[in-house]
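Have a look at the structure below before the remarks.
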Amino acid sequence: MPSEREIRRRIRSVRNIQQVTKAMQTVAASRMRRAQQAVLASRPYEERLRGILNDLAPHADPEAHALLARREVKRAAIILISTDRGLVGGLNTNVVRTALRFAETLPGASYVAVGRKAIGQLRRFRQPVSAEFSGFSERPTPRDTSIVARVAAEEFIAKKVDEVYLVYTRFINTLRQVPTVRRILPLVPEDEDIDTLPPLQYIFEPDAETVLEAVLPRLVELTVYQAALDNAASEQSARMVSMRNATDNAADLLEDYTLAANKARQGRITKEMLEIASGAEALGKG
Amino acid sequence: MPLHLEVITPERSVYEDDVDMVIAPGSEGYLGILPHHAPLFTTLGPGEFRVKKGGVEEVLAVFGGFMDVRANRVVVLTDAAEHIEDIDASRAQEARDRAQQLLAAGPVSAADEARARAALQRALVRLRIAEGRRRRR
């Protein structure tokens, strides 16, 4: 049993920690709202652009563009998206583990690491990394992520890799974020849509090839942007939840310690009383 | 039968409404879209995007992107679009000067150069539109 003073010291330190986690929870909660709005606001754009790919695909020869080229897979690139900062529960651990496990199913894999945690973890596991990016995990802009997409697309076009995958944490809701693997290159139109829709008699300006040339890289960039936004919303949600848990745990701990402190105080008083009583008794006898 | 227009950027939806006509800055030149237009897909250059509705004309600045026209729906996907009233000519001028200085000094990397060029082009579009707005008044 620790001494009463020791318990009081612990109560003070737990209370300080609780104040910190409480503050972090509040900050994460407000950032979470913004990040969640951003990810939801960007979804229509991506859906539209993907719909356009499906519409264009029947008009285009798969050989026509380097980003559509399907090859036998000898080597794949994995864009691994993580957060820059920690205190997000198991979010980064899960996404890194998902990526490593997925990589085992591929004949060969190299990584493009996004976010400080991915960079650190991949180094720790001694994985081949072709490029590293960080510093925008909480607030990604299309400008930040298009560079990531371009690096991966260049590797693909140069035939250094035959496929490109994106591994990131998909934001479902505040309590649920799911590590997700998604293939982004080669771009493959969704077949079912093509079968059911008759090909539209489109007018292309300037012409179908130029349009495809413009749409395809944008689609890749956008998919990465979208994943970065998902990661950002997941990050704030996970941080908010883990800080709330920490605050709650601190409250439980405070309760236990307060009880222990009161017991120790009670015990000390009882002991003092006993000492006085027995002292008085001894005097009376003498 | 009105046209349904949506202007979407990766960050948000800028405009969504039923309109009478749009005039878009296609990469091959300006083109007007009226109801019952044939399916059309075009890349957009930077420029003024005009929207006519009930005799009133609204002007947006768009900076590249795509326009998809089909079945009386016009979907514009663009990197950035802003209402012309939001354009600040003096800020655009500053941005232009900054980008020009950077390009003249010789940028550090290819990425920097691309960024400066893009900034310069955005600034020039904004200035051109702001100029046109003054003249019309």
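In the structure tokens, the first chain shown is A, the next is B, and so on; residue numbers restart at 1 for each chain, and ligands run from 1 in the order shown.
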
Practice problem: Would you give me, as a VMD selection string, the residues of chain A that come within 7 Å of chain B, using only C-alpha atoms? | Solution: chain A and resid 38 41 to 42 45 201 to 206 211

Selection from above, N, CA and C atoms, as a PDB file, in the first residue's frame, can you write it?
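Result file again_19.pdb:
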```pdb
ATOM      1  N   ALA A  38     -14.859  17.698 -45.255  1.00  0.00           N
ATOM      2  CA  ALA A  38     -14.001  17.732 -46.449  1.00  0.00           C
ATOM      3  C   ALA A  38     -14.088  16.423 -47.204  1.00  0.00           C
ATOM      4  N   ALA A  41     -17.473  16.189 -48.889  1.00  0.00           N
ATOM      5  CA  ALA A  41     -17.650  17.162 -49.968  1.00  0.00           C
ATOM      6  C   ALA A  41     -16.896  16.765 -51.226  1.00  0.00           C
ATOM      7  N   SER A  42     -15.822  15.992 -51.072  1.00  0.00           N
ATOM      8  CA  SER A  42     -15.006  15.671 -52.243  1.00  0.00           C
ATOM      9  C   SER A  42     -15.505  14.423 -52.960  1.00  0.00           C
ATOM     10  N   TYR A  45     -17.130  14.677 -56.700  1.00  0.00           N
ATOM     11  CA  TYR A  45     -16.195  14.940 -57.797  1.00  0.00           C
ATOM     12  C   TYR A  45     -15.592  13.630 -58.290  1.00  0.00           C
ATOM     13  N   GLN A 201     -23.511   8.488 -78.016  1.00  0.00           N
ATOM     14  CA  GLN A 201     -22.864   9.112 -79.169  1.00  0.00           C
ATOM     15  C   GLN A 201     -22.314  10.458 -78.723  1.00  0.00           C
ATOM     16  N   TYR A 202     -21.132  10.416 -78.166  1.00  0.00           N
ATOM     17  CA  TYR A 202     -20.540  11.611 -77.590  1.00  0.00           C
ATOM     18  C   TYR A 202     -19.816  12.440 -78.642  1.00  0.00           C
ATOM     19  N   ILE A 203     -19.876  13.740 -78.459  1.00  0.00           N
ATOM     20  CA  ILE A 203     -18.977  14.620 -79.200  1.00  0.00           C
ATOM     21  C   ILE A 203     -17.809  14.909 -78.261  1.00  0.00           C
ATOM     22  N   PHE A 204     -16.597  14.665 -78.713  1.00  0.00           N
ATOM     23  CA  PHE A 204     -15.449  14.964 -77.875  1.00  0.00           C
ATOM     24  C   PHE A 204     -14.725  16.179 -78.413  1.00  0.00           C
ATOM     25  N   GLU A 205     -14.407  17.068 -77.509  1.00  0.00           N
ATOM     26  CA  GLU A 205     -13.610  18.222 -77.912  1.00  0.00           C
ATOM     27  C   GLU A 205     -12.378  18.288 -77.053  1.00  0.00           C
ATOM     28  N   PRO A 206     -11.204  18.424 -77.568  1.00  0.00           N
ATOM     29  CA  PRO A 206     -10.858  18.440 -78.999  1.00  0.00           C
ATOM     30  C   PRO A 206     -11.103  17.081 -79.662  1.00  0.00           C
ATOM     31  N   VAL A 211      -9.021  14.072 -74.632  1.00  0.00           N
ATOM     32  CA  VAL A 211      -9.868  14.074 -73.447  1.00  0.00           C
ATOM     33  C   VAL A 211      -9.396  13.003 -72.471  1.00  0.00           C
TER      34      VAL A 211
END
```

Self-check item: B:Ser90 environment, 12 Å, only C-alpha atoms, sequence neighbours closer than 6 positions dropped, as a PyMOL selection string
Solution: chain B and resi 96-97+123-124+126-127+130-131

Suppose we keep N, CA and C atoms; can you now write the selection as a tab-separated table (two decimals), in the first residue's frame?
```tsv
chain	number	residue	atom	x	y	z
B	96	ARG	N	0.67	37.51	-59.37
B	96	ARG	CA	1.33	37.48	-60.67
B	96	ARG	C	2.78	37.94	-60.53
B	97	ASP	N	2.97	39.06	-59.81
B	97	ASP	CA	4.32	39.59	-59.65
B	97	ASP	C	5.22	38.59	-58.94
B	123	ALA	N	-3.34	33.67	-61.81
B	123	ALA	CA	-3.36	35.11	-61.57
B	123	ALA	C	-3.76	35.85	-62.85
B	124	LEU	N	-3.23	35.40	-64.01
B	124	LEU	CA	-3.54	36.08	-65.26
B	124	LEU	C	-5.02	35.95	-65.61
B	126	ARG	N	-7.47	35.55	-63.48
B	126	ARG	CA	-8.22	36.41	-62.56
B	126	ARG	C	-8.16	37.86	-63.00
B	127	LEU	N	-6.95	38.29	-63.41
B	127	LEU	CA	-6.79	39.68	-63.81
B	127	LEU	C	-7.62	39.98	-65.06
B	130	ALA	N	-11.22	40.21	-64.03
B	130	ALA	CA	-11.47	41.43	-63.26
B	130	ALA	C	-11.49	42.64	-64.19
B	131	GLU	N	-10.60	42.65	-65.17
B	131	GLU	CA	-10.53	43.70	-66.18
B	131	GLU	C	-11.85	43.79	-66.95
```

Give one line per residue of stretch 168-283 of chain A that approaches stretch 133-148 of chain A to at most 8 Å, naming the two atoms of the closest pair and their distance in Å to one decimal, counting only C-alpha atoms; sort by chain then ascending residue number and deliver it as a tab-separated table.
```
residue	atom	partner	partner_atom	distance
A:Glu221	CA	A:Ser146	CA	4.9
A:Leu222	CA	A:Pro142	CA	7.5
A:Val224	CA	A:Thr145	CA	6.2
A:Tyr225	CA	A:Thr145	CA	5.4
A:Ala228	CA	A:Pro140	CA	6.3
A:Leu229	CA	A:Pro140	CA	6.4
A:Asn231	CA	A:Ser137	CA	7.4
A:Ala232	CA	A:Glu138	CA	5.1
A:Glu235	CA	A:Glu138	CA	7.5
A:Gln236	CA	A:Glu138	CA	7.8
```

Quiz item: So which bits of stretch 199-247 of chain A end up alpha helix (DSSP H) when you DSSP the backbone, as a PyMOL selection string?
Solution: chain A and resi 208-247

Practice problem: Would you kindly return, as a PyMOL selection string, each protein, DNA or RNA residue with an atom no farther than 6 Å from any atom of stretch 60-62 of chain B, considering only C-alpha atoms and excluding same-chain residues fewer than 3 positions away? | Solution: chain B and resi 46-49+80-84

Quiz item: Near stretch 154-169 of chain A, within 6 Å and counting only C-alpha atoms, which residues show up once chain neighbours fewer than 3 positions away are dropped, as a ChimeraX atom specification?
Solution: /A:73,75-81,150-151,178-185,231

Please, could you write that set of residues out with N, CA and C atoms as a short mmCIF file (atom, residue, chain, number, x, y, z; two decimals), in the first residue's frame?
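The new file result-v4.cif reads:
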```
data_model
loop_
_atom_site.label_atom_id
_atom_site.label_comp_id
_atom_site.auth_asym_id
_atom_site.auth_seq_id
_atom_site.Cartn_x
_atom_site.Cartn_y
_atom_site.Cartn_z
N VAL A 73 1.84 -9.11 -63.75
CA VAL A 73 2.33 -8.41 -62.57
C VAL A 73 3.57 -9.08 -62.00
N ARG A 75 5.83 -6.82 -60.30
CA ARG A 75 6.19 -5.92 -59.23
C ARG A 75 5.07 -4.88 -59.08
N ALA A 76 4.72 -4.58 -57.85
CA ALA A 76 3.67 -3.58 -57.64
C ALA A 76 4.18 -2.51 -56.70
N ALA A 77 3.60 -1.33 -56.82
CA ALA A 77 3.91 -0.25 -55.87
C ALA A 77 2.71 -0.10 -54.94
N ILE A 78 3.01 0.14 -53.66
CA ILE A 78 1.94 0.37 -52.70
C ILE A 78 2.11 1.77 -52.13
N ILE A 79 1.09 2.59 -52.33
CA ILE A 79 1.09 3.91 -51.69
C ILE A 79 0.46 3.72 -50.33
N LEU A 80 1.27 3.86 -49.29
CA LEU A 80 0.78 3.63 -47.93
C LEU A 80 0.56 4.99 -47.26
N ILE A 81 -0.69 5.23 -46.88
CA ILE A 81 -1.03 6.52 -46.29
C ILE A 81 -1.26 6.37 -44.79
N ARG A 150 1.63 11.49 -58.97
CA ARG A 150 2.49 11.57 -60.15
C ARG A 150 3.71 10.67 -60.02
N VAL A 151 4.28 10.62 -58.83
CA VAL A 151 5.44 9.74 -58.61
C VAL A 151 5.06 8.29 -58.92
N VAL A 178 -11.76 1.96 -41.47
CA VAL A 178 -11.36 0.63 -41.93
C VAL A 178 -10.13 0.72 -42.83
N PRO A 179 -9.08 -0.05 -42.51
CA PRO A 179 -7.93 -0.11 -43.43
C PRO A 179 -8.38 -0.71 -44.76
N THR A 180 -8.03 -0.06 -45.85
CA THR A 180 -8.58 -0.43 -47.14
C THR A 180 -7.46 -0.56 -48.17
N VAL A 181 -7.56 -1.56 -49.03
CA VAL A 181 -6.62 -1.73 -50.14
C VAL A 181 -7.40 -1.47 -51.42
N ARG A 182 -6.84 -0.64 -52.28
CA ARG A 182 -7.55 -0.31 -53.50
C ARG A 182 -6.55 -0.21 -54.64
N ARG A 183 -6.85 -0.85 -55.76
CA ARG A 183 -5.94 -0.76 -56.89
C ARG A 183 -6.24 0.51 -57.67
N ILE A 184 -5.22 1.30 -57.96
CA ILE A 184 -5.49 2.53 -58.71
C ILE A 184 -4.89 2.51 -60.11
N LEU A 185 -3.89 1.66 -60.35
CA LEU A 185 -3.34 1.54 -61.70
C LEU A 185 -3.07 0.07 -62.00
N ASN A 231 -8.05 9.51 -44.80
CA ASN A 231 -7.07 9.30 -43.74
C ASN A 231 -7.14 10.44 -42.71
#
```

Self-check item: Neighbour list for stretch 88-90 of chain A as a VMD selection string, cut-off 9 Å, only C-alpha atoms, skip fewer than 6 positions in-chain
Solution: chain A and resid 234 to 243

Could you turn the residues from that selection into a file that holds C-alpha atoms, as a CSV table (one decimal), in the first residue's frame?
```csv
chain,number,residue,atom,x,y,z
A,234,SER,CA,-10.0,8.9,-39.7
A,235,GLU,CA,-7.1,10.5,-37.9
A,236,GLN,CA,-9.1,13.1,-36.2
A,237,SER,CA,-11.9,10.7,-35.4
A,238,ALA,CA,-9.5,8.1,-33.9
A,239,ARG,CA,-7.7,10.8,-31.9
A,240,MET,CA,-10.9,12.2,-30.6
A,241,VAL,CA,-12.1,8.7,-29.5
A,242,SER,CA,-8.8,7.7,-28.0
A,243,MET,CA,-8.5,11.0,-26.1
```

Exercise. Give me every strand (DSSP E or B) residue in stretch 37-93 of chain B, going by DSSP on the backbone, as an MDAnalysis selection string.
Key: chainID B and resid 40:53 56:70 73:77 81:83

Self-check item: Computed interatomic separation between atom CA of A:Val96 and atom CA of A:Lys117 (Å)
Solution: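 Spanning atom CA of A:Val96 to atom CA of A:Lys117 is a straight-line distance of 8.9 Å.
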